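Notes for the one structure printed next.
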Amino acid sequence: MKKPSIFGRLLMALVFIFLYAPIAVLIVFSFNSSKSRTVWTGFTFDWYLKLFQDTTIMNSLYVTLLVSLLAAVIATVAGTIAAVGIYNMKRSHRNAVLALNNIPVINADIITGVSMSLLFISAASVLAKLSLAFSQLLGVNINLSFSLGFGTLLIAHITFNVPYVILSVLPKLRQLDNNLFEAAQDLGATWWQAFYKVIIPEIRPGIVNGLIIAFTMSIDDFVISYFTAGRVQTLSMTIYAMTKKRITPEINALSTLLFTAVLLMLIIINIRQASQEKKLRKTRIRSTGIIKYSKI
Amino acid sequence: MRRRYIAAIPHVVWMAVFVVVPLILVVFYAFTSATGGLTLENFRNMGSYMSVFARSLWLAFLATIICLLIGYPLSYVLSKEGPGMQRIFIMLIMLPMWINFLLRTYAWMSILENTGLINRLLTSLGIFDLINRIFNTNITYIPMINTQGAVVLGMVYNYLPFMVLPIYSVIVKIDSSLIEAAQDLGAGSMTVFKRIIFPLSLPGVLSGITMVFVPAVSTFIISKLLGGGTSILLGDLIEMQFLGNAYNPHLGSAISLIMMIIIMICMFVMNRFGEGEEQAVIM
């Protein structure tokens with residue numbers, strides 16, 4: 001293939017400037033000594049120190065991390081089990097379930113959020129009526145109702161995460177050799193042992209990928225959380241509340257820290273991948289050698 | 001052992017309860033009033049929001065086209081880089097997505113404001129003085145924030161990766177022997193692009209278009225932050241009915257229902273279009 005033209009390089013440069021200009025602004029103004037977000041008044045680390053004392057930000061960061069972690073882990077387990085089930089379905093059933101699975105992926109976030117908040121609010125009001133009726137009937141105070149909060153937020157996150165896990169595990173199941181599972185059982189493994197020791201290691205890349213996607217989706221989500229979290233605030237919701245007045249540079253400091261962490265993580269992953277690929281290339285050469293040998 | 005499909009049943013039940021039932025509730029709310037009776041009132045009021053519908057569709061359309069015009073050449077150029085460079089560039093395209101999108105959009109406010117970074121830069125370069133002297137005007141800034149242009153810019157900024165990634169992943173998978181075969185048979189680079197690369201990359205283009213259009217048509221943050229409330233969109237309208245001052249979930253559901261129908265029509269058209277093209281490629 002030809003080398004990229006000057007035009008191509010210029011386009012790439014412009015797009016990357018466009019993508020990173022606002023991020024550069026965010027990072028630079030996290031070190032600004034005044035609260036202004038357009039005038040540079042001097043260098044300081046103060047916002048980084050204040051950040052850790054700000055209980056609103058720290059609480060919402062905690063909620064975000066907790067809900068993302070829980071939702072990602074639960075969705076990964078549930079999604080992997082569901083993917084195994086879907087893989088073993090009849091074609092017509094499988095297509096129907098996959099269509100159902102795709103609804104939250106394709107649908108606009110705002111509709112997913114709004115529709116779930118309708119469900120939660122309706123369920124809460126039905127339960128409130130029921131508990132009132134029961135209380136009068138039995139003469140004791142029963143309250144089965146709930147209000148929107150961490151629980152509904154978690155349910156919403158699990159619901160929009162599971163489809164992504166399934167979509168990343170299913171292709172790995174398709175690549176799987178069907179005989180492996182039966183071979184394991186022929187050799188005396190129970191169903192569970194065969195699943196745990198043979199299937200899971202084979203589809204692990206898909207599972208890990210699903211976990212990462214789910215965690216990213218959860219951490220980045222604003223719209224669905226906004227409609228389902230009630231009084232609980234995720235980080236995005238705190239930032240949204242601040243945009244109505246003015247965002248403190250503490251948030252800039254926090255996002256600079258997060259950005260640096262992600263950048264480091266990606267660099268490490270990339271270096272590892274590159275070295276693994278090198279290894280793979282070597283083993284591939286070796287294995288083709290073996291195949292040639294066995295043919296002889 | 002053939003009954004392993006039962007592993008999917010909890011998932012189906014969960015999705016039915018938390019995805020299908022909520023959508024049925026949206027339809028139910030759309031056709032009822034606060035007093036409980038069936039009504040079409042919510043849709044009759046829709047006429048007054050025609051301008052919002054038109055604006056949302058138009059701005060989302062513009063953003064999608066611009067994303068395509070930037071994203072396609074970019075993906076194409078990226079696919080010609082070496083494997084190491086490709087990995088780094090793709091990482092660089094995904095990296096901004098890790099910063100909260102509210103913050104990235106907010107940062108654009110600092111850049112575009114009347115006293116923002118661009119206007120400050122132009123002032124300090126003496127551009128405004130120059131213009132004022134030549135045309136005998138008295139401008140001190142270029143209005144950029146709180147315009148529809150700013151909203152489109154915000155959409156393009158936030159959703160460009162959704163266009164680049166699917167197109168790129170399709171283009172890199174194109175079998176290079178096809179291109180070489182075409183060249184051997186005498187095709188110029190334009191012909192190769194028109195007859196081979198573009199038709200084969202079409203599935204990526206189509207999924208890129210839907211991945212940009214759907215969030216763009218339903219956004220309510222970008223219009224709020226960069227449009228400054230001057231240009232409310234469908235998303236803002238829905239948000240107002242559920243969490244805002246104009247609390248009316250019935251009207252909100254009706255608007256959501258119409259938005260869903262718009263999205264479904266969009267998906268349907270894209271699918272039809274895609275199928276036809278794939279057949280053409282096979283023939």
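Identifiers in the structure tokens: chain A, B, ... in order shown; residue index from 1 per chain; ligand index from 1 in order shown.
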Hey, which bits of chain B sit within 8 Å of chain A, and for each residue what's the closest pair of atoms and how far apart in Å (one decimal), counting only C-alpha atoms, rows by chain and increasing number, as a tab-separated table?
```
residue	atom	partner	partner_atom	distance
B:Arg2	CA	A:Asn88	CA	7.6
B:Arg3	CA	A:Asn88	CA	7.8
B:Arg4	CA	A:Gly85	CA	5.7
B:Tyr5	CA	A:Gly85	CA	3.9
B:Ile6	CA	A:Gly85	CA	5.9
B:Ala7	CA	A:Gly85	CA	4.3
B:Ala8	CA	A:Ala82	CA	4.2
B:Ile9	CA	A:Ala82	CA	7.5
B:Pro10	CA	A:Ala82	CA	7.6
B:His11	CA	A:Ala82	CA	5.9
B:Val12	CA	A:Val97	CA	7.0
B:Trp14	CA	A:Thr159	CA	7.9
B:Met15	CA	A:Thr159	CA	7.2
B:Phe18	CA	A:Met116	CA	6.8
B:Val19	CA	A:Pro104	CA	7.3
B:Val21	CA	A:Leu119	CA	7.4
B:Pro22	CA	A:Ser115	CA	4.7
B:Leu23	CA	A:Ser115	CA	5.7
B:Leu25	CA	A:Leu118	CA	6.8
B:Val26	CA	A:Ser115	CA	5.9
B:Pro73	CA	A:Gly8	CA	7.8
B:Leu74	CA	A:Met12	CA	6.5
B:Val77	CA	A:Gly8	CA	5.6
B:Lys80	CA	A:Pro4	CA	6.2
B:Glu81	CA	A:Pro4	CA	6.8
B:Arg87	CA	A:Asn270	CA	7.9
B:Met91	CA	A:Leu266	CA	7.6
B:Leu92	CA	A:Phe16	CA	7.9
B:Ile93	CA	A:Leu19	CA	7.7
B:Leu95	CA	A:Leu263	CA	7.4
B:Pro96	CA	A:Leu19	CA	7.2
B:Met97	CA	A:Asp220	CA	8.0
B:Trp98	CA	A:Phe259	CA	7.0
B:Ile99	CA	A:Phe259	CA	6.4
B:Asn100	CA	A:Asp220	CA	6.0
B:Phe101	CA	A:Asp220	CA	7.4
B:Leu102	CA	A:Tyr240	CA	6.9
B:Leu103	CA	A:Ile239	CA	7.5
B:Arg104	CA	A:Pro22	CA	6.0
B:Thr105	CA	A:Pro22	CA	7.9
B:Tyr106	CA	A:Thr243	CA	7.4
B:Ala107	CA	A:Pro22	CA	5.1
B:Trp108	CA	A:Pro22	CA	5.8
B:Ser110	CA	A:Thr38	CA	5.9
B:Ile111	CA	A:Pro22	CA	7.5
B:Thr115	CA	A:Thr38	CA	7.6
B:Gly116	CA	A:Thr38	CA	5.8
B:Leu117	CA	A:Thr38	CA	6.0
B:Tyr157	CA	A:Leu19	CA	6.8
B:Val214	CA	A:Ala108	CA	6.0
B:Pro215	CA	A:Ala108	CA	6.0
B:Ser218	CA	A:Ala108	CA	6.4
B:Thr219	CA	A:Ile110	CA	7.8
B:Leu225	CA	A:Thr243	CA	7.8
B:Gly235	CA	A:Ile110	CA	7.2
B:Phe242	CA	A:Val114	CA	7.5
B:Leu243	CA	A:Phe227	CA	7.8
B:Ser256	CA	A:Ile111	CA	6.2
B:Met260	CA	A:Asn107	CA	7.5
B:Ile263	CA	A:Asn107	CA	7.6
```
Give me the residues near Gly229 of chain B as a PyMOL selection string, where near means some atom within 12 Å (using only C-alpha atoms) and where sequence neighbours in that chain fewer than 4 positions away do not count.
(chain A and resi 244) or (chain B and resi 145-148+151+220-225+233+236-237)
Spatial neighbours of Glu41 of chain B, 10 Å, only C-alpha atoms, chain gap at least 2 places, as a short mmCIF file (atom, residue, chain, number, x, y, z; two decimals) with all heavy atoms, in the first residue's frame:
```cif
data_model
loop_
_atom_site.label_atom_id
_atom_site.label_comp_id
_atom_site.auth_asym_id
_atom_site.auth_seq_id
_atom_site.Cartn_x
_atom_site.Cartn_y
_atom_site.Cartn_z
N ALA B 30 -48.33 7.55 26.68
CA ALA B 30 -48.52 8.46 25.54
C ALA B 30 -49.99 8.57 25.17
O ALA B 30 -50.43 9.62 24.70
CB ALA B 30 -47.70 7.96 24.35
N PHE B 31 -50.75 7.50 25.39
CA PHE B 31 -52.16 7.51 24.97
C PHE B 31 -53.13 7.72 26.13
O PHE B 31 -54.32 7.50 25.98
CB PHE B 31 -52.50 6.21 24.24
CG PHE B 31 -51.89 6.13 22.87
CD1 PHE B 31 -50.77 5.36 22.64
CD2 PHE B 31 -52.44 6.87 21.82
CE1 PHE B 31 -50.20 5.31 21.38
CE2 PHE B 31 -51.88 6.82 20.56
CZ PHE B 31 -50.75 6.04 20.34
N THR B 32 -52.61 8.09 27.31
CA THR B 32 -53.51 8.38 28.43
C THR B 32 -53.25 9.78 28.95
O THR B 32 -52.24 10.41 28.63
CB THR B 32 -53.31 7.38 29.59
OG1 THR B 32 -51.93 7.33 29.92
CG2 THR B 32 -53.80 6.00 29.24
N SER B 33 -54.19 10.26 29.76
CA SER B 33 -54.01 11.58 30.37
C SER B 33 -53.79 11.40 31.86
O SER B 33 -53.88 10.29 32.39
CB SER B 33 -55.24 12.44 30.12
OG SER B 33 -56.33 11.88 30.82
N LEU B 38 -58.18 7.17 28.25
CA LEU B 38 -57.51 7.11 26.96
C LEU B 38 -57.71 8.43 26.23
O LEU B 38 -58.80 8.99 26.25
CB LEU B 38 -58.09 5.97 26.11
CG LEU B 38 -57.53 4.57 26.36
CD1 LEU B 38 -58.27 3.58 25.48
CD2 LEU B 38 -56.04 4.51 26.09
N THR B 39 -56.66 8.91 25.57
CA THR B 39 -56.78 10.17 24.88
C THR B 39 -55.73 10.31 23.79
O THR B 39 -54.68 9.67 23.84
CB THR B 39 -56.64 11.36 25.86
OG1 THR B 39 -56.71 12.56 25.12
CG2 THR B 39 -55.33 11.32 26.60
N PHE B 43 -50.92 13.92 21.46
CA PHE B 43 -50.42 14.03 20.10
C PHE B 43 -50.98 15.26 19.41
O PHE B 43 -50.36 15.82 18.53
CB PHE B 43 -50.75 12.76 19.30
CG PHE B 43 -50.00 11.57 19.81
CD1 PHE B 43 -50.56 10.73 20.75
CD2 PHE B 43 -48.71 11.32 19.37
CE1 PHE B 43 -49.86 9.64 21.23
CE2 PHE B 43 -48.00 10.24 19.86
CZ PHE B 43 -48.58 9.40 20.80
N ARG B 44 -52.20 15.66 19.85
CA ARG B 44 -52.80 16.85 19.25
C ARG B 44 -51.94 18.08 19.56
O ARG B 44 -51.83 18.99 18.78
CB ARG B 44 -54.22 17.03 19.78
CG ARG B 44 -55.24 17.15 18.66
CD ARG B 44 -56.65 17.07 19.20
NE ARG B 44 -57.19 15.73 19.09
CZ ARG B 44 -58.02 15.19 20.00
NH1 ARG B 44 -58.37 15.88 21.06
NH2 ARG B 44 -58.49 13.98 19.83
N ASN B 45 -51.32 18.08 20.76
CA ASN B 45 -50.47 19.21 21.14
C ASN B 45 -49.16 19.25 20.39
O ASN B 45 -48.40 20.21 20.49
CB ASN B 45 -50.16 19.15 22.64
CG ASN B 45 -51.40 19.41 23.47
OD1 ASN B 45 -52.34 20.03 22.99
ND2 ASN B 45 -51.40 18.91 24.69
N MET B 46 -48.88 18.16 19.70
CA MET B 46 -47.55 18.02 19.10
C MET B 46 -47.27 19.07 18.04
O MET B 46 -46.13 19.44 17.81
CB MET B 46 -47.44 16.61 18.47
CG MET B 46 -46.07 16.03 18.50
SD MET B 46 -45.45 15.85 20.16
CE MET B 46 -46.33 14.38 20.65
N HIS B 250 -47.00 12.26 30.45
CA HIS B 250 -47.83 11.78 29.33
C HIS B 250 -47.38 12.42 28.03
O HIS B 250 -47.17 11.74 27.03
CB HIS B 250 -49.30 12.08 29.62
CG HIS B 250 -49.79 11.37 30.84
ND1 HIS B 250 -50.21 10.07 30.81
CD2 HIS B 250 -49.88 11.75 32.13
CE1 HIS B 250 -50.57 9.68 32.03
NE2 HIS B 250 -50.36 10.69 32.85
N LEU B 251 -47.21 13.74 28.06
CA LEU B 251 -46.70 14.43 26.87
C LEU B 251 -45.28 13.96 26.56
O LEU B 251 -44.92 13.69 25.41
CB LEU B 251 -46.74 15.95 27.10
CG LEU B 251 -46.22 16.79 25.93
CD1 LEU B 251 -47.04 16.56 24.69
CD2 LEU B 251 -46.22 18.27 26.30
N ALA B 254 -45.35 10.74 24.82
CA ALA B 254 -45.78 10.87 23.43
C ALA B 254 -44.62 11.33 22.56
O ALA B 254 -44.40 10.79 21.47
CB ALA B 254 -46.94 11.87 23.34
#
```
Select from segment 19-112 of chain A everything DSSP, run on the backbone, classes as alpha helix (DSSP H), then give the selection as a VMD selection string.
chain A and resid 19 to 28 46 to 51 55 to 87 91 to 106 109 to 112
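Here atom CA of Met270 of chain B and atom CA of Val205 of chain B stand 9.9 Å from one another.
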Best match for closeness to Phe198 of chain B among B:Ser75, B:Asn132, B:Asn158, B:Ser56, counting only C-alpha atoms:
B:Ser75
